[in-house]
Amino acid sequence: MAEVVVGLTSYPAADGHGPHVPVEYLDAVVRAGGVPLMLPHTAGEDAGRWARAWLARVDALVLIGGGDIDPVHHRSERHAELYSVEPARDQTELALVRAALAARRPLLAICRGLQLINVALGGSLHLHLPDAVGEAIAHRQPPRSPTPHPVRIAGDSRLATLLGERVSPMSWHHQAVERLGSGVRPVAWADDGVVEAIELDDHPQVTAVQWHPELTAAQDAAQQSLFDHLVQSARRGQLSGAHNNSGEGL
């Protein structure tokens with residue numbers, strides 16, 4: 001049986017090292033039976049071409065967290081509290097999301113990844129959650145301290161079949177869905193109403209969560225199941241001949 005290659009978006013180069021993927025994401029993909037492949041960034045007109053090239057090499061995608069999305073992509077003004085905006089990363093990952101949705105690749109989107117999907121489909125983001133919902137729930141604690149809080153999941157969602165209807169996962173963010181993109185359905189919420197997961201009406205192999213399942217996946221089988229489901233979906237695609245990774249046309 002062919003290996004399931006899982007492409008992972010990456011943090012940009014910084015602090016003396018190149019683009020990288022935190023080991024927790026890699027370990028979760030390997031535990032699920034996938035082969036991880038890091039996808040770096042490129043800027044400008046090359047972003048779309050490279051997105052299509054990478055997509056031809058992978059069976060599934062993980063959009064990892066980290067960094068805010070520049071509001072220029074959803075027609076909003078900048079905010080003083082934006083964190084680590086990287087234009088090349090935005091261009092690359094938005095191109096990759098659009099190509100992956102068009103090709104119907106299985107996709108697991110985490111934190112920033114959920115926000116990317118919503119923006120790619122025409123939605124908008126809250127630029128700083130304390131401005132929108134106050135401080136009733138600590139969605140973010142500086143400097144980088146993920147915080148668990150209760151999340152309610154819609155019982156009729158695909159996500160609920162994996163996790164049940166209540167979870168308390170690890171979260172760290174201050175951007176979040178404001179206006180929903182086309183075909184986007186919210187399926188999980190924090191107690192203050194912040195959208196914590198979305199699904200797409202016409203793409204059953206997309207799972208997008210606002211929290212960070214990779215942080216607890218080694219100890220929590222429910223959170224690991226998000227990665228397992230991704231690899232299983234990709235393997236079904238291989239067996240059905242829904243796509244191949246020949247790289248044809250590169």
# chains A, B, ... in the order shown; residues from 1 in each chain; ligands from 1
>>> residues_around(residues="Trp189 of chain A", least_positions_apart="2", cutoff="6 Å", atoms="only C-alpha atoms", output="PyMOL selection string")
chain A and resi 151-152+193-196
>>> residues_around(residues="segment 96-112 of chain A", least_positions_apart="5", cutoff="9 Å", atoms="only C-alpha atoms", output="PyMOL selection string")
chain A and resi 47-48+50-52+54-55+58-69+91+117+120-121+171-173+175-176+196+203-214+226-227+230-231+233-234+237+242-243
>>> write_last_selection(atoms="N, CA and C atoms", output="compact mmCIF listing (two decimals), in the first residue's frame")
# COMPACT_ATOMS: atom_id res chain seq x y z
N ALA A 47 3.54 32.00 -5.57
CA ALA A 47 2.80 31.31 -4.52
C ALA A 47 1.80 30.31 -5.10
N GLY A 48 1.01 30.72 -6.08
CA GLY A 48 0.03 29.82 -6.66
C GLY A 48 0.67 28.65 -7.38
N TRP A 50 3.67 27.28 -6.84
CA TRP A 50 4.24 26.35 -5.89
C TRP A 50 3.16 25.61 -5.10
N ALA A 51 2.06 26.27 -4.80
CA ALA A 51 0.97 25.58 -4.10
C ALA A 51 0.48 24.39 -4.92
N ARG A 52 0.29 24.59 -6.20
CA ARG A 52 -0.16 23.48 -7.06
C ARG A 52 0.89 22.39 -7.16
N TRP A 54 3.23 21.59 -4.83
CA TRP A 54 3.25 20.84 -3.58
C TRP A 54 2.04 19.92 -3.48
N LEU A 55 0.90 20.42 -3.91
CA LEU A 55 -0.32 19.64 -3.80
C LEU A 55 -0.23 18.35 -4.61
N VAL A 58 1.42 15.51 -2.34
CA VAL A 58 0.89 15.09 -1.05
C VAL A 58 -0.52 14.53 -1.20
N ASP A 59 -0.88 13.71 -0.20
CA ASP A 59 -2.22 13.11 -0.17
C ASP A 59 -3.17 13.88 0.74
N ALA A 60 -2.61 14.66 1.65
CA ALA A 60 -3.42 15.39 2.63
C ALA A 60 -2.59 16.55 3.15
N LEU A 61 -3.26 17.47 3.84
CA LEU A 61 -2.59 18.67 4.35
C LEU A 61 -2.94 18.92 5.81
N VAL A 62 -1.96 19.44 6.55
CA VAL A 62 -2.20 20.01 7.87
C VAL A 62 -1.78 21.48 7.80
N LEU A 63 -2.71 22.36 8.09
CA LEU A 63 -2.41 23.78 8.21
C LEU A 63 -2.13 24.05 9.68
N ILE A 64 -0.87 24.37 10.00
CA ILE A 64 -0.50 24.52 11.41
C ILE A 64 -0.80 25.93 11.90
N GLY A 65 -0.73 26.12 13.20
CA GLY A 65 -1.02 27.42 13.79
C GLY A 65 0.17 28.36 13.72
N GLY A 66 0.06 29.48 14.46
CA GLY A 66 1.16 30.42 14.56
C GLY A 66 1.04 31.62 13.66
N GLY A 67 0.95 32.81 14.22
CA GLY A 67 0.92 34.04 13.44
C GLY A 67 -0.48 34.44 13.00
N ASP A 68 -0.72 35.74 12.97
CA ASP A 68 -2.01 36.27 12.52
C ASP A 68 -2.02 36.45 11.01
N ILE A 69 -3.21 36.54 10.45
CA ILE A 69 -3.40 36.78 9.02
C ILE A 69 -3.54 38.29 8.81
N GLN A 91 0.36 34.68 1.61
CA GLN A 91 0.16 34.43 0.18
C GLN A 91 0.26 32.94 -0.14
N ILE A 117 -8.91 29.18 6.09
CA ILE A 117 -10.02 28.64 5.29
C ILE A 117 -11.16 29.64 5.24
N ALA A 120 -10.13 32.48 2.95
CA ALA A 120 -10.06 32.04 1.56
C ALA A 120 -11.45 31.94 0.93
N LEU A 121 -12.46 31.67 1.75
CA LEU A 121 -13.83 31.54 1.27
C LEU A 121 -14.64 32.82 1.45
N SER A 171 -5.75 26.05 23.81
CA SER A 171 -5.97 27.09 22.81
C SER A 171 -5.07 28.29 23.08
N TRP A 172 -4.64 28.95 22.01
CA TRP A 172 -3.83 30.16 22.13
C TRP A 172 -4.04 31.00 20.87
N HIS A 173 -4.82 32.07 20.95
CA HIS A 173 -5.08 32.88 19.76
C HIS A 173 -5.77 34.17 20.17
N GLN A 175 -6.99 36.14 17.11
CA GLN A 175 -7.86 36.32 15.95
C GLN A 175 -8.86 35.18 15.94
N ALA A 176 -10.02 35.40 15.34
CA ALA A 176 -11.04 34.36 15.25
C ALA A 176 -12.09 34.78 14.23
N GLU A 196 -15.13 27.86 17.52
CA GLU A 196 -13.96 27.03 17.81
C GLU A 196 -13.74 25.91 16.79
N HIS A 203 -17.58 19.75 1.45
CA HIS A 203 -16.26 19.13 1.48
C HIS A 203 -16.11 18.36 2.79
N PRO A 204 -16.57 17.10 2.84
CA PRO A 204 -16.60 16.35 4.10
C PRO A 204 -15.24 15.96 4.63
N GLN A 205 -14.17 16.15 3.87
CA GLN A 205 -12.84 15.75 4.35
C GLN A 205 -12.05 16.91 4.93
N VAL A 206 -12.72 18.02 5.21
CA VAL A 206 -12.08 19.16 5.86
C VAL A 206 -12.52 19.22 7.32
N THR A 207 -11.55 19.24 8.23
CA THR A 207 -11.80 19.46 9.66
C THR A 207 -10.97 20.66 10.07
N ALA A 208 -11.59 21.64 10.71
CA ALA A 208 -10.88 22.86 11.09
C ALA A 208 -11.23 23.22 12.52
N VAL A 209 -10.22 23.27 13.38
CA VAL A 209 -10.43 23.56 14.80
C VAL A 209 -9.57 24.75 15.22
N GLN A 210 -10.08 25.55 16.13
CA GLN A 210 -9.37 26.75 16.59
C GLN A 210 -8.29 26.42 17.61
N TRP A 211 -8.40 25.27 18.26
CA TRP A 211 -7.45 24.92 19.31
C TRP A 211 -6.24 24.17 18.73
N HIS A 212 -5.37 23.66 19.61
CA HIS A 212 -4.13 23.01 19.20
C HIS A 212 -4.13 21.53 19.62
N PRO A 213 -4.71 20.64 18.81
CA PRO A 213 -4.77 19.22 19.21
C PRO A 213 -3.41 18.56 19.29
N GLU A 214 -2.42 19.08 18.55
CA GLU A 214 -1.09 18.45 18.55
C GLU A 214 -0.44 18.51 19.93
N LEU A 226 -8.06 13.31 15.38
CA LEU A 226 -8.15 14.28 14.29
C LEU A 226 -7.09 14.00 13.23
N PHE A 227 -5.88 13.65 13.67
CA PHE A 227 -4.82 13.30 12.73
C PHE A 227 -5.07 11.92 12.11
N LEU A 230 -7.58 12.25 9.36
CA LEU A 230 -6.99 12.85 8.16
C LEU A 230 -6.27 11.81 7.33
N VAL A 231 -5.42 11.01 7.96
CA VAL A 231 -4.66 10.00 7.22
C VAL A 231 -5.58 8.91 6.66
N SER A 233 -8.70 9.31 5.74
CA SER A 233 -9.40 9.91 4.60
C SER A 233 -8.51 9.92 3.37
N ALA A 234 -7.23 10.25 3.57
CA ALA A 234 -6.29 10.26 2.45
C ALA A 234 -6.09 8.86 1.89
N GLY A 237 -8.86 7.96 -0.28
CA GLY A 237 -8.70 8.63 -1.56
C GLY A 237 -7.74 7.91 -2.47
N ALA A 242 -9.05 8.68 -6.25
CA ALA A 242 -9.56 10.05 -6.31
C ALA A 242 -8.46 11.04 -6.67
N HIS A 243 -7.20 10.70 -6.34
CA HIS A 243 -6.10 11.56 -6.74
C HIS A 243 -4.82 10.74 -6.74
>>> select_by_dssp(residues="segment 1-217 of chain A", states="alpha helix (DSSP H)", output="PyMOL selection string")
chain A and resi 23-31+46-55+87-103+112-120+129-133+158-163
>>> select_by_dssp(residues="segment 120-178 of chain A", states="strand (DSSP E)", output="PyMOL selection string")
chain A and resi 125-126+147-148+151-153+166-167+170-171+176-177
>>> residues_around(residues="Arg185 of chain A", least_positions_apart="2", cutoff="7 Å", atoms="only C-alpha atoms", output="PDB file with C-alpha atoms, in the first residue's frame")
ATOM      1  CA  GLY A 183     -20.246  27.370   2.604  1.00  0.00           C
ATOM      2  CA  VAL A 187     -19.855  23.463  14.569  1.00  0.00           C
ATOM      3  CA  ILE A 198     -15.926  24.842  11.317  1.00  0.00           C
ATOM      4  CA  GLU A 199     -16.911  22.359   8.626  1.00  0.00           C
ATOM      5  CA  LEU A 200     -17.631  22.928   4.955  1.00  0.00           C
ATOM      6  CA  ASP A 201     -21.017  22.060   3.491  1.00  0.00           C
TER       7      ASP A 201
END
>>> atom_distance(atom1="atom CA of Leu39 of chain A", atom2="atom CA of Leu8 of chain A")
5.7 Å
>>> residues_around(residues="His128 of chain A", least_positions_apart="6", cutoff="8 Å", atoms="only C-alpha atoms", output="NGL selection string")
:A and (79 or 81-82 or 174-175)
>>> write_last_selection(atoms="C-alpha atoms", output="PDB file, in the first residue's frame")
ATOM      1  CA  HIS A  79      -4.740  46.456  14.583  1.00  0.00           C
ATOM      2  CA  GLU A  81      -2.221  43.832  18.608  1.00  0.00           C
ATOM      3  CA  LEU A  82      -1.571  41.817  15.443  1.00  0.00           C
ATOM      4  CA  HIS A 174      -6.513  36.368  19.504  1.00  0.00           C
ATOM      5  CA  GLN A 175      -7.860  36.325  15.947  1.00  0.00           C
TER       6      GLN A 175
END
>>> residues_around(residues="segment 23-27 of chain A", least_positions_apart="4", cutoff="7 Å", atoms="only C-alpha atoms", output="compact mmCIF listing (two decimals) with N, CA, C and O atoms, in the first residue's frame")
# COMPACT_ATOMS: atom_id res chain seq x y z
N ARG A 31 2.27 9.08 14.18
CA ARG A 31 1.43 8.15 14.95
C ARG A 31 0.21 7.73 14.15
O ARG A 31 -0.28 6.59 14.29
N PRO A 36 5.23 12.81 7.12
CA PRO A 36 5.14 14.28 7.08
C PRO A 36 6.13 14.88 6.09
O PRO A 36 7.25 14.41 5.94
N GLU A 214 -2.42 19.08 18.55
CA GLU A 214 -1.09 18.45 18.55
C GLU A 214 -0.44 18.51 19.93
O GLU A 214 0.41 17.66 20.26
N LEU A 215 -0.83 19.49 20.75
CA LEU A 215 -0.18 19.67 22.05
C LEU A 215 -0.50 18.54 23.03
O LEU A 215 0.30 18.25 23.92
>>> closest_residue(among="A:Leu127, A:Met38, A:Leu239, A:Ala2", to="Asp70 of chain A", atoms="only C-alpha atoms")
A:Leu127
>>> residues_around(residues="Leu159 of chain A", least_positions_apart="2", cutoff="9 Å", atoms="only C-alpha atoms", output="number ranges by chain")
A: 153-157, 161-165, 187-188, 197-199, 207, 226
>>> write_last_selection(atoms="C-alpha atoms", output="CSV table (one decimal), in the first residue's frame")
chain,number,residue,atom,x,y,z
A,153,ILE,CA,-19.6,20.8,19.7
A,154,ALA,CA,-22.8,20.5,17.6
A,155,GLY,CA,-24.2,17.0,18.0
A,156,ASP,CA,-25.0,16.6,14.3
A,157,SER,CA,-21.4,17.6,13.1
A,161,THR,CA,-18.4,11.7,15.9
A,162,LEU,CA,-14.7,12.0,16.7
A,163,LEU,CA,-14.7,14.1,19.9
A,164,GLY,CA,-18.2,14.0,21.4
A,165,GLU,CA,-20.1,17.1,22.3
A,187,VAL,CA,-19.9,23.5,14.6
A,188,ALA,CA,-18.2,24.3,17.9
A,197,ALA,CA,-14.5,24.7,14.8
A,198,ILE,CA,-15.9,24.8,11.3
A,199,GLU,CA,-16.9,22.4,8.6
A,207,THR,CA,-11.8,19.5,9.7
A,226,LEU,CA,-8.1,14.3,14.3
>>> atom_distance(atom1="atom CA of Ala190 of chain A", atom2="atom CA of Asp220 of chain A")
19.8 Å
>>> closest_residue(among="A:Glu93, A:Gly181, A:Glu86, A:Thr216", to="Pro148 of chain A", atoms="only C-alpha atoms")
A:Thr216
>>> residues_around(residues="Arg75 of chain A", least_positions_apart="2", cutoff="12 Å", atoms="only C-alpha atoms", output="list in words")
Ile69, Asp70, Pro71, Val72, His73, Glu77, Arg78, Val119, Gly122, Gly123, Ser124, Leu125, His126, Leu127 and Arg179 of chain A
